[in-house]
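All remarks here apply to the structure that follows.
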Amino acid sequence: MSKEINRLHPISAIITSAKALKSMIFPLIIIIATNGFHFSLNFHSDNFWRMIFLFGIWGVGAILTLVSGIVKWRTFVYWFEDGELRVKYGLFVKKKRYIPFERIQSLNYNEGIFHRLFGLVKVQVETAGSKDRKPEVELTAIHKVAADAIELEMRRAKSQVNEQMNDEQSLIEEVSAPTIYHMSIRDLLILAITSGGIGVVLSGVAAIISQLSDIIPYEEIFHELADFAKFGAFLVALAVIFSLIVAWFVSFVITLINYYEYTVRIEDEKLIITKGLIEKKRITLPLNRIQAIRIVENPVRQLFGFATVVVESAGGNGGEGNDKKITLFPLIQKQDCLETLEQLFPDINWTSEFIYSPKRARTSFYRIDFVWLIPIIGACSYFFYPYGLFSLLLIPLTIVIGIWQYKSAGYMIDGKQLTMQYRVFSRITFIMEKKRIQSIETTQTYFQKRKNVMTVKATVMSGMTGMTGNIRSLEQRDAETILSWYEH
Amino acid sequence: MRTEPIHKISRKGLTVWRLYGVLQTIFLLIVAILVCYGTYYYEWPSYIYFIAVAVVTLSAILSAYLFPKVRWERWRYEVRDNEIEVQHGLFVVKRTLIPMVRVQHVDTTQGPILKKYGLGNISISTAATVHTIPALVMDEADGLRARISELARVAEDDV
């Protein structure tokens with residue numbers, strides 16, 4: 001067991017500082033903006049001392065963050081001892097953290113631009129208890145060789161625990177981890193084209209615009225817009241369409257970059273996902289932490305026979321932002337998807353022989369929506385007459401979506417497994433094992449009671465909270481079948 | 001047709017819920033009086049009087065009388081060896097089934113009003129969800145908590 005002390009690469013000082021500085025830019029903008037860009041280095045100006053004071057504070061803050069980045073790098077050490085990964089850092093307050101290797105759930109790798117220039121990698125060490133979306137230990141930048149050393153050490157420690165399993169054999173295995181999914185360029189393009197990220201980008205743009213409203217003279221722009229409008233609604237529409245196309249293009253590029261070379265491999269009961277063009281990411285996901293699997297088909301992709309597969313995982317951090325849902329296959333042909341999943345999880349029945357919602361329940365999928373729809377339509381038609389009358393189109397739309405939802409609602413029970421299929425807009429097939437379901441709830445409204453149907457909800461653990469599957473209006477007898485299946 | 005869970009919650013629970021409704025109505029009444037005063041003083045449109053009266057009356061009828069009654073009638077729970085089943089709801093009847101194996105911990109809580117009536121809430125947490133049985137007689141709630149935690153410990157763990 002090596003006891004040599006390892007350090008982070010010097011680059012990590014820069015990365016840490018740069019990250020901290022990024023969060024300092026916003027205060028700087030505020031300082032500048034609130035002073036209305038009235039800079040003057042004129043000593044006699046009223047603002048002079050105030051400016052010096054504000055910038056001084058900001059400067060001190062910036063220098064402190066820079067120094068703290070360097071200090072963190074200088075003091076940060078890690079080493080392996082007694083089957084544990086040990087980490088120590090801090091100047092005045094020394095922090096030590098020891099993590100036994102067998103407690104480590106996953107090592108996630110992340111390579112930003114800085115990292116790639118120097119052949120480095122950021123390693124996030126995660127245990128089951130990693131709270132607040134933060135990994136237990138984060139090694140900001142180490143050499144790839146060092147990262148491999150950690151992994152090797154971890155394997156060695158684990159295999160020693162497992163009754164001295166044949167060391168060499170398990171070490172050799174790592175080389176030939178079979179690829180189970182690799183996204184082709186064609187699929188990547190389709191994914192990017194149909195990406196739902198447009199909404200995100202649009203709202204981002206809106207947020208930025210509203211942030212900048214102090215700086216940009218909107219009123220003047222609006223005046224110009226008014227003139228602009230005189231040229232005709234056609235031009236306005238053109239401008240709207242143009243900005244939509246730009247937004248779509250941005251999301252297209254972002255998706256391309258994020259999902260480039262998306263590959264899933266399997267290696268001793270763990271899924272390893274690698275992806276990214278500029279920033280390479282590697283996420284590890286132990287199979288036994290997967291709580292449930294969802295196959296999501298959004299209407300456009302369903303049309304072309306494509307689906308997205310998402311796994312719900314317990315605790316920890318997927319490195320994917322807020323939720324603990326991890327996209328397993330971002331885009332896959334439905335047929336291939338079922339075959340691949342069958343290889344991965346042979347115990348699960350992937351056929352879809354659903355018991356559907358009864359015919360008499362059909363109206364209950366859209367009728368309830370009229371409760372809020374009619375007042376809205378009424379208000380629109382009254383206040384925006386005659387154009388408000390177009391809101392009447394919502395009625396057939398709601399009915400069509402309702403019928404679509406009705407056609408998708410179904411369930412299947414097979415041994416220890418429950419499969420729910422339902423639709424909001426996208427069709428979702430939610431596959432869960434009985435032992436992973438945290439609770440099942442049935443609900444029945446007054447109208448459903450008259451039709452003798454019930455809604456069924458099943459919740460599995462996902463991250464720190466839960467993910468609920470929800471089938472509306474199943475036959476009451478079927479709902480009760482699910483409940484008593486769950487009881488035993 | 002599945003049978004309903006056996007136990008109802010304490011009759012005193014209904015009283016407490018009515019009390020909550022009365023408190024809410026009193027609060028609305030104070031707001032309404034202020035608004036009416038303002039209407040009189042500043043000569044706002046007179047339909048405001050009607051709205052104020054309607055809101056207070058509705059609150060009195062619904063939240064102090066009807067809703068607690070319906071909710072209390074509907075509330076049922078049952079703790080069996082392998083699972084807990086609860087049923088509740090106002091307009092929508094909800095029935096939840098929680099297996100003992102999934103229970104992670106059980107809490108009892110008691111606010112000042114509940115304490116005066118010797119009642120307590122019991123919350124059952126799984127890894128993903130929290131389920132609360134409200135307004136149980138405190139002894140019963142404590143007993144239930146002890147029983148659930150005992151049963152939950154016996155059942156084997158899987159997550």
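Letters A, B, ... go to the chains of the structure tokens in the order shown; residues in each chain start at 1; ligands are counted from 1 in the same order.
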
### Task
Check the DSSP output for the backbone and give back, as number ranges by chain, the residues of stretch 44-141 of chain A in alpha helix (DSSP H).
A: 47-75, 113-118

Suppose we keep N, CA and C atoms; can you now write the selection as a tab-separated table (two decimals), in the first residue's frame?
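Writing done, so here's result-v7.tsv:
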```tsv
chain	number	residue	atom	x	y	z
A	47	ASN	N	-17.86	61.57	-7.21
A	47	ASN	CA	-17.90	60.13	-7.16
A	47	ASN	C	-16.56	59.49	-6.86
A	48	PHE	N	-15.52	60.27	-6.96
A	48	PHE	CA	-14.19	59.69	-6.98
A	48	PHE	C	-13.94	58.76	-5.79
A	49	TRP	N	-14.15	59.27	-4.57
A	49	TRP	CA	-13.80	58.46	-3.40
A	49	TRP	C	-14.71	57.26	-3.26
A	50	ARG	N	-15.97	57.49	-3.62
A	50	ARG	CA	-16.89	56.38	-3.53
A	50	ARG	C	-16.47	55.25	-4.48
A	51	MET	N	-16.07	55.64	-5.68
A	51	MET	CA	-15.64	54.65	-6.66
A	51	MET	C	-14.41	53.90	-6.15
A	52	ILE	N	-13.46	54.68	-5.65
A	52	ILE	CA	-12.24	54.04	-5.14
A	52	ILE	C	-12.60	53.03	-4.07
A	53	PHE	N	-13.53	53.44	-3.18
A	53	PHE	CA	-13.93	52.59	-2.08
A	53	PHE	C	-14.54	51.28	-2.60
A	54	LEU	N	-15.52	51.43	-3.52
A	54	LEU	CA	-16.20	50.24	-4.03
A	54	LEU	C	-15.23	49.31	-4.77
A	55	PHE	N	-14.45	49.91	-5.65
A	55	PHE	CA	-13.51	49.08	-6.40
A	55	PHE	C	-12.47	48.47	-5.48
A	56	GLY	N	-12.11	49.23	-4.44
A	56	GLY	CA	-11.15	48.72	-3.47
A	56	GLY	C	-11.67	47.45	-2.82
A	57	ILE	N	-12.91	47.52	-2.35
A	57	ILE	CA	-13.50	46.35	-1.71
A	57	ILE	C	-13.51	45.18	-2.67
A	58	TRP	N	-13.93	45.49	-3.91
A	58	TRP	CA	-14.00	44.41	-4.88
A	58	TRP	C	-12.62	43.84	-5.15
A	59	GLY	N	-11.63	44.73	-5.28
A	59	GLY	CA	-10.26	44.29	-5.55
A	59	GLY	C	-9.74	43.39	-4.45
A	60	VAL	N	-9.97	43.80	-3.19
A	60	VAL	CA	-9.52	42.98	-2.07
A	60	VAL	C	-10.16	41.60	-2.14
A	61	GLY	N	-11.49	41.61	-2.42
A	61	GLY	CA	-12.20	40.33	-2.54
A	61	GLY	C	-11.57	39.46	-3.61
A	62	ALA	N	-11.29	40.06	-4.77
A	62	ALA	CA	-10.72	39.31	-5.88
A	62	ALA	C	-9.36	38.74	-5.52
A	63	ILE	N	-8.53	39.56	-4.87
A	63	ILE	CA	-7.20	39.08	-4.50
A	63	ILE	C	-7.31	37.94	-3.50
A	64	LEU	N	-8.25	38.09	-2.54
A	64	LEU	CA	-8.43	37.03	-1.56
A	64	LEU	C	-8.82	35.72	-2.23
A	65	THR	N	-9.72	35.78	-3.20
A	65	THR	CA	-10.12	34.54	-3.86
A	65	THR	C	-8.94	33.93	-4.60
A	66	LEU	N	-8.14	34.80	-5.24
A	66	LEU	CA	-6.96	34.29	-5.93
A	66	LEU	C	-6.03	33.58	-4.96
A	67	VAL	N	-5.77	34.26	-3.84
A	67	VAL	CA	-4.86	33.68	-2.85
A	67	VAL	C	-5.43	32.38	-2.31
A	68	SER	N	-6.75	32.37	-2.04
A	68	SER	CA	-7.33	31.16	-1.46
A	68	SER	C	-7.21	29.99	-2.44
A	69	GLY	N	-7.30	30.29	-3.76
A	69	GLY	CA	-7.10	29.24	-4.75
A	69	GLY	C	-5.71	28.65	-4.65
A	70	ILE	N	-4.73	29.54	-4.52
A	70	ILE	CA	-3.34	29.08	-4.43
A	70	ILE	C	-3.12	28.31	-3.14
A	71	VAL	N	-3.67	28.85	-2.03
A	71	VAL	CA	-3.51	28.18	-0.74
A	71	VAL	C	-4.11	26.79	-0.80
A	72	LYS	N	-5.30	26.70	-1.41
A	72	LYS	CA	-5.95	25.40	-1.45
A	72	LYS	C	-5.08	24.40	-2.22
A	73	TRP	N	-4.52	24.86	-3.31
A	73	TRP	CA	-3.67	23.96	-4.08
A	73	TRP	C	-2.43	23.57	-3.29
A	74	ARG	N	-1.80	24.54	-2.61
A	74	ARG	CA	-0.56	24.27	-1.88
A	74	ARG	C	-0.79	23.28	-0.73
A	75	THR	N	-1.96	23.40	-0.09
A	75	THR	CA	-2.16	22.60	1.12
A	75	THR	C	-2.84	21.27	0.84
A	113	ILE	N	-11.54	22.68	-20.61
A	113	ILE	CA	-10.54	23.07	-21.61
A	113	ILE	C	-9.15	23.11	-20.99
A	114	PHE	N	-9.06	23.74	-19.82
A	114	PHE	CA	-7.78	23.82	-19.12
A	114	PHE	C	-7.18	22.44	-18.91
A	115	HIS	N	-8.05	21.52	-18.46
A	115	HIS	CA	-7.58	20.17	-18.18
A	115	HIS	C	-7.00	19.52	-19.43
A	116	ARG	N	-7.71	19.72	-20.54
A	116	ARG	CA	-7.32	18.98	-21.74
A	116	ARG	C	-5.99	19.48	-22.29
A	117	LEU	N	-5.72	20.78	-22.09
A	117	LEU	CA	-4.44	21.31	-22.56
A	117	LEU	C	-3.28	20.59	-21.91
A	118	PHE	N	-3.47	20.18	-20.64
A	118	PHE	CA	-2.34	19.61	-19.90
A	118	PHE	C	-2.51	18.12	-19.62
```

Would you give me, as JSON lines, each residue of stretch 65-87 of chain B having an atom within 6 Å of an atom of stretch 92-100 of chain B, along with its shortest atom pair and that distance in Å to one decimal, using only C-alpha atoms and sorting by chain and residue number?
```
{"residue": "B:Asn82", "atom": "CA", "partner": "B:Met100", "partner_atom": "CA", "distance": 5.2}
{"residue": "B:Glu83", "atom": "CA", "partner": "B:Pro99", "partner_atom": "CA", "distance": 4.1}
{"residue": "B:Ile84", "atom": "CA", "partner": "B:Ile98", "partner_atom": "CA", "distance": 5.1}
{"residue": "B:Glu85", "atom": "CA", "partner": "B:Leu97", "partner_atom": "CA", "distance": 4.6}
{"residue": "B:Val86", "atom": "CA", "partner": "B:Thr96", "partner_atom": "CA", "distance": 5.3}
{"residue": "B:Gln87", "atom": "CA", "partner": "B:Arg95", "partner_atom": "CA", "distance": 4.3}
```

For the residues selected in the previous step, produce a file with N, CA and C atoms as an mmCIF file, in the first residue's frame.
```
data_model
loop_
_atom_site.group_PDB
_atom_site.id
_atom_site.type_symbol
_atom_site.label_atom_id
_atom_site.label_comp_id
_atom_site.auth_asym_id
_atom_site.auth_seq_id
_atom_site.Cartn_x
_atom_site.Cartn_y
_atom_site.Cartn_z
ATOM 1 N N ASN B 82 -47.355 -5.853 7.768
ATOM 2 C CA ASN B 82 -46.454 -5.640 6.645
ATOM 3 C C ASN B 82 -46.618 -4.306 5.945
ATOM 4 N N GLU B 83 -47.720 -3.602 6.245
ATOM 5 C CA GLU B 83 -47.888 -2.323 5.563
ATOM 6 C C GLU B 83 -48.765 -1.360 6.355
ATOM 7 N N ILE B 84 -48.688 -0.113 5.955
ATOM 8 C CA ILE B 84 -49.536 0.918 6.527
ATOM 9 C C ILE B 84 -50.428 1.408 5.396
ATOM 10 N N GLU B 85 -51.709 1.548 5.691
ATOM 11 C CA GLU B 85 -52.599 2.053 4.654
ATOM 12 C C GLU B 85 -53.334 3.268 5.198
ATOM 13 N N VAL B 86 -53.322 4.359 4.442
ATOM 14 C CA VAL B 86 -54.091 5.528 4.868
ATOM 15 C C VAL B 86 -55.026 5.953 3.747
ATOM 16 N N GLN B 87 -56.139 6.571 4.154
ATOM 17 C CA GLN B 87 -57.088 7.091 3.172
ATOM 18 C C GLN B 87 -57.496 8.489 3.614
#
```

### Query
Which chain A residues are at most 10 Å from chain B (counting only C-alpha atoms), as a ChimeraX atom specification?
/A:288-289,291,314-315,435-449,454-468,476-477,480-481,483-484,486-488

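Checking B:Arg153, B:Arg76, B:Arg145, B:His105 one by one against B:Ser10, counting only C-alpha atoms, you find the shortest gap at B:Arg76.
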
### Task
Could you give me, as a VMD selection string, the residues within 12 Å of B:Gly13, counting only C-alpha atoms and dropping anything in the same chain fewer than 6 positions from it?
chain B and resid 19 to 20 68 to 69 71 to 73 75 113 to 121 133 to 138

Could those selected residues go to a file with N, CA and C atoms, as a PDB file, in the first residue's frame?
```pdb
ATOM      1  N   LEU B  19     -61.725  24.304  14.938  1.00  0.00           N
ATOM      2  CA  LEU B  19     -61.085  25.438  15.607  1.00  0.00           C
ATOM      3  C   LEU B  19     -60.190  26.183  14.624  1.00  0.00           C
ATOM      4  N   TYR B  20     -59.399  25.414  13.837  1.00  0.00           N
ATOM      5  CA  TYR B  20     -58.557  26.037  12.809  1.00  0.00           C
ATOM      6  C   TYR B  20     -59.416  26.861  11.864  1.00  0.00           C
ATOM      7  N   PRO B  68     -64.019  20.332   7.464  1.00  0.00           N
ATOM      8  CA  PRO B  68     -63.544  19.435   8.528  1.00  0.00           C
ATOM      9  C   PRO B  68     -64.394  18.182   8.628  1.00  0.00           C
ATOM     10  N   LYS B  69     -65.717  18.365   8.460  1.00  0.00           N
ATOM     11  CA  LYS B  69     -66.613  17.226   8.596  1.00  0.00           C
ATOM     12  C   LYS B  69     -66.294  16.158   7.549  1.00  0.00           C
ATOM     13  N   ARG B  71     -63.642  15.817   5.712  1.00  0.00           N
ATOM     14  CA  ARG B  71     -62.289  15.299   5.846  1.00  0.00           C
ATOM     15  C   ARG B  71     -62.207  14.276   6.974  1.00  0.00           C
ATOM     16  N   TRP B  72     -62.903  14.608   8.053  1.00  0.00           N
ATOM     17  CA  TRP B  72     -62.843  13.702   9.205  1.00  0.00           C
ATOM     18  C   TRP B  72     -63.536  12.392   8.890  1.00  0.00           C
ATOM     19  N   GLU B  73     -64.684  12.498   8.197  1.00  0.00           N
ATOM     20  CA  GLU B  73     -65.411  11.282   7.814  1.00  0.00           C
ATOM     21  C   GLU B  73     -64.543  10.390   6.942  1.00  0.00           C
ATOM     22  N   TRP B  75     -61.121  10.336   6.662  1.00  0.00           N
ATOM     23  CA  TRP B  75     -59.800   9.923   7.140  1.00  0.00           C
ATOM     24  C   TRP B  75     -59.837   8.533   7.769  1.00  0.00           C
ATOM     25  N   ILE B 113     -52.099  24.058  19.832  1.00  0.00           N
ATOM     26  CA  ILE B 113     -53.533  23.732  19.868  1.00  0.00           C
ATOM     27  C   ILE B 113     -53.735  22.241  20.036  1.00  0.00           C
ATOM     28  N   LEU B 114     -52.943  21.466  19.271  1.00  0.00           N
ATOM     29  CA  LEU B 114     -53.040  20.015  19.379  1.00  0.00           C
ATOM     30  C   LEU B 114     -52.713  19.575  20.803  1.00  0.00           C
ATOM     31  N   LYS B 115     -51.743  20.249  21.411  1.00  0.00           N
ATOM     32  CA  LYS B 115     -51.301  19.856  22.744  1.00  0.00           C
ATOM     33  C   LYS B 115     -52.426  20.049  23.753  1.00  0.00           C
ATOM     34  N   LYS B 116     -53.148  21.149  23.609  1.00  0.00           N
ATOM     35  CA  LYS B 116     -54.242  21.446  24.529  1.00  0.00           C
ATOM     36  C   LYS B 116     -55.264  20.321  24.512  1.00  0.00           C
ATOM     37  N   TYR B 117     -55.470  19.746  23.335  1.00  0.00           N
ATOM     38  CA  TYR B 117     -56.442  18.662  23.216  1.00  0.00           C
ATOM     39  C   TYR B 117     -55.799  17.290  23.380  1.00  0.00           C
ATOM     40  N   GLY B 118     -54.515  17.273  23.703  1.00  0.00           N
ATOM     41  CA  GLY B 118     -53.828  15.995  23.890  1.00  0.00           C
ATOM     42  C   GLY B 118     -53.710  15.186  22.615  1.00  0.00           C
ATOM     43  N   LEU B 119     -53.511  15.900  21.496  1.00  0.00           N
ATOM     44  CA  LEU B 119     -53.394  15.201  20.213  1.00  0.00           C
ATOM     45  C   LEU B 119     -51.994  15.379  19.629  1.00  0.00           C
ATOM     46  N   GLY B 120     -51.674  14.594  18.621  1.00  0.00           N
ATOM     47  CA  GLY B 120     -50.383  14.733  17.947  1.00  0.00           C
ATOM     48  C   GLY B 120     -50.461  14.221  16.518  1.00  0.00           C
ATOM     49  N   ASN B 121     -49.578  14.732  15.669  1.00  0.00           N
ATOM     50  CA  ASN B 121     -49.475  14.222  14.300  1.00  0.00           C
ATOM     51  C   ASN B 121     -48.372  13.190  14.248  1.00  0.00           C
ATOM     52  N   ILE B 133     -50.287  11.185   9.436  1.00  0.00           N
ATOM     53  CA  ILE B 133     -51.609  10.907   9.988  1.00  0.00           C
ATOM     54  C   ILE B 133     -51.851  11.976  11.041  1.00  0.00           C
ATOM     55  N   PRO B 134     -52.857  12.836  10.864  1.00  0.00           N
ATOM     56  CA  PRO B 134     -53.017  13.970  11.761  1.00  0.00           C
ATOM     57  C   PRO B 134     -53.896  13.643  12.960  1.00  0.00           C
ATOM     58  N   ALA B 135     -53.767  14.473  13.996  1.00  0.00           N
ATOM     59  CA  ALA B 135     -54.699  14.518  15.121  1.00  0.00           C
ATOM     60  C   ALA B 135     -55.035  13.157  15.712  1.00  0.00           C
ATOM     61  N   LEU B 136     -54.010  12.437  16.126  1.00  0.00           N
ATOM     62  CA  LEU B 136     -54.244  11.204  16.859  1.00  0.00           C
ATOM     63  C   LEU B 136     -54.136  11.528  18.344  1.00  0.00           C
ATOM     64  N   VAL B 137     -54.845  10.773  19.179  1.00  0.00           N
ATOM     65  CA  VAL B 137     -54.654  10.930  20.622  1.00  0.00           C
ATOM     66  C   VAL B 137     -53.189  10.627  20.922  1.00  0.00           C
ATOM     67  N   MET B 138     -52.555  11.472  21.723  1.00  0.00           N
ATOM     68  CA  MET B 138     -51.101  11.418  21.878  1.00  0.00           C
ATOM     69  C   MET B 138     -50.607  10.029  22.284  1.00  0.00           C
TER      70      MET B 138
END
```

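The residue that comes closest to B:Ile6, out of B:Ala60, B:Val31, B:Val79, B:Val106 and on the basis of only C-alpha atoms, is B:Val79.
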
### strand (DSSP E or B) call set, DSSP backbone run, chain B, as a VMD selection string
chain B and resid 7 to 8 76 to 79 83 to 88 93 to 99 105 to 109 119 to 125 130 to 137

Residues just named, written with C-alpha atoms as an mmCIF file, in the first residue's frame:
```
data_model
loop_
_atom_site.group_PDB
_atom_site.id
_atom_site.type_symbol
_atom_site.label_atom_id
_atom_site.label_comp_id
_atom_site.auth_asym_id
_atom_site.auth_seq_id
_atom_site.Cartn_x
_atom_site.Cartn_y
_atom_site.Cartn_z
ATOM 1 C CA HIS B 7 -59.331 3.164 12.211
ATOM 2 C CA LYS B 8 -60.761 6.649 12.161
ATOM 3 C CA ARG B 76 -58.971 6.283 7.798
ATOM 4 C CA TYR B 77 -55.765 4.489 8.633
ATOM 5 C CA GLU B 78 -54.626 1.016 9.413
ATOM 6 C CA VAL B 79 -51.269 -0.289 10.553
ATOM 7 C CA GLU B 83 -47.888 -2.323 5.563
ATOM 8 C CA ILE B 84 -49.536 0.918 6.527
ATOM 9 C CA GLU B 85 -52.599 2.053 4.654
ATOM 10 C CA VAL B 86 -54.091 5.528 4.868
ATOM 11 C CA GLN B 87 -57.088 7.091 3.172
ATOM 12 C CA HIS B 88 -57.846 10.776 3.082
ATOM 13 C CA VAL B 93 -60.154 10.303 -2.230
ATOM 14 C CA LYS B 94 -56.524 9.273 -1.851
ATOM 15 C CA ARG B 95 -55.421 5.901 -0.603
ATOM 16 C CA THR B 96 -51.783 5.234 0.076
ATOM 17 C CA LEU B 97 -50.040 1.987 0.788
ATOM 18 C CA ILE B 98 -46.628 2.060 2.478
ATOM 19 C CA PRO B 99 -44.849 -1.246 3.079
ATOM 20 C CA HIS B 105 -38.284 6.772 10.353
ATOM 21 C CA VAL B 106 -41.371 7.910 12.209
ATOM 22 C CA ASP B 107 -41.901 11.323 13.841
ATOM 23 C CA THR B 108 -44.592 12.654 16.100
ATOM 24 C CA THR B 109 -45.199 16.394 16.254
ATOM 25 C CA LEU B 119 -53.394 15.201 20.213
ATOM 26 C CA GLY B 120 -50.383 14.733 17.947
ATOM 27 C CA ASN B 121 -49.475 14.222 14.300
ATOM 28 C CA ILE B 122 -47.464 11.235 13.204
ATOM 29 C CA SER B 123 -45.280 11.392 10.102
ATOM 30 C CA ILE B 124 -44.014 8.276 8.382
ATOM 31 C CA SER B 125 -41.004 8.817 6.108
ATOM 32 C CA VAL B 130 -43.554 11.520 3.797
ATOM 33 C CA HIS B 131 -47.044 10.541 4.949
ATOM 34 C CA THR B 132 -48.769 12.222 7.869
ATOM 35 C CA ILE B 133 -51.609 10.907 9.988
ATOM 36 C CA PRO B 134 -53.017 13.970 11.761
ATOM 37 C CA ALA B 135 -54.699 14.518 15.121
ATOM 38 C CA LEU B 136 -54.244 11.204 16.859
ATOM 39 C CA VAL B 137 -54.654 10.930 20.622
#
```

### Task
Please indicate the distance in Å from atom CA of A:Tyr78 to atom CA of A:Gly276, rounded to one decimal place.
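Atom-to-atom, atom CA of A:Tyr78 to atom CA of A:Gly276, that is 27.8 Å.
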
Counting only C-alpha atoms, what is within 12 Å of B:Ile48, bar same-chain residues fewer than 6 positions away, as a short mmCIF file (atom, residue, chain, number, x, y, z; two decimals) with N, CA and C atoms, in the first residue's frame?
```cif
data_model
loop_
_atom_site.label_atom_id
_atom_site.label_comp_id
_atom_site.auth_asym_id
_atom_site.auth_seq_id
_atom_site.Cartn_x
_atom_site.Cartn_y
_atom_site.Cartn_z
N ALA B 32 -61.80 41.75 6.57
CA ALA B 32 -63.03 42.24 5.92
C ALA B 32 -63.49 43.54 6.58
N ILE B 33 -63.39 43.59 7.93
CA ILE B 33 -63.83 44.80 8.64
C ILE B 33 -62.96 45.99 8.22
N LEU B 34 -61.66 45.75 8.13
CA LEU B 34 -60.75 46.82 7.71
C LEU B 34 -61.11 47.31 6.31
N VAL B 35 -61.35 46.34 5.41
CA VAL B 35 -61.68 46.70 4.03
C VAL B 35 -62.98 47.50 3.98
N CYS B 36 -63.99 47.02 4.75
CA CYS B 36 -65.28 47.71 4.76
C CYS B 36 -65.13 49.13 5.28
N TYR B 37 -64.32 49.25 6.34
CA TYR B 37 -64.07 50.58 6.90
C TYR B 37 -63.47 51.49 5.82
N GLY B 38 -62.46 50.93 5.10
CA GLY B 38 -61.82 51.68 4.03
C GLY B 38 -62.83 52.06 2.95
N THR B 39 -63.72 51.13 2.64
CA THR B 39 -64.71 51.38 1.60
C THR B 39 -65.63 52.55 1.99
N TYR B 40 -66.03 52.50 3.30
CA TYR B 40 -66.91 53.54 3.80
C TYR B 40 -66.20 54.90 3.79
N ALA B 54 -69.51 37.95 1.57
CA ALA B 54 -69.55 36.63 0.96
C ALA B 54 -68.34 35.80 1.36
N VAL B 55 -67.15 36.44 1.34
CA VAL B 55 -65.93 35.70 1.67
C VAL B 55 -66.00 35.18 3.10
#
```

### Task
Show which residues sit within 8 Å of A:Asn349, as an MDAnalysis selection string. Count only C-alpha atoms, and ignore same-chain residues fewer than 3 positions away.
chainID A and resid 342 346 414 417
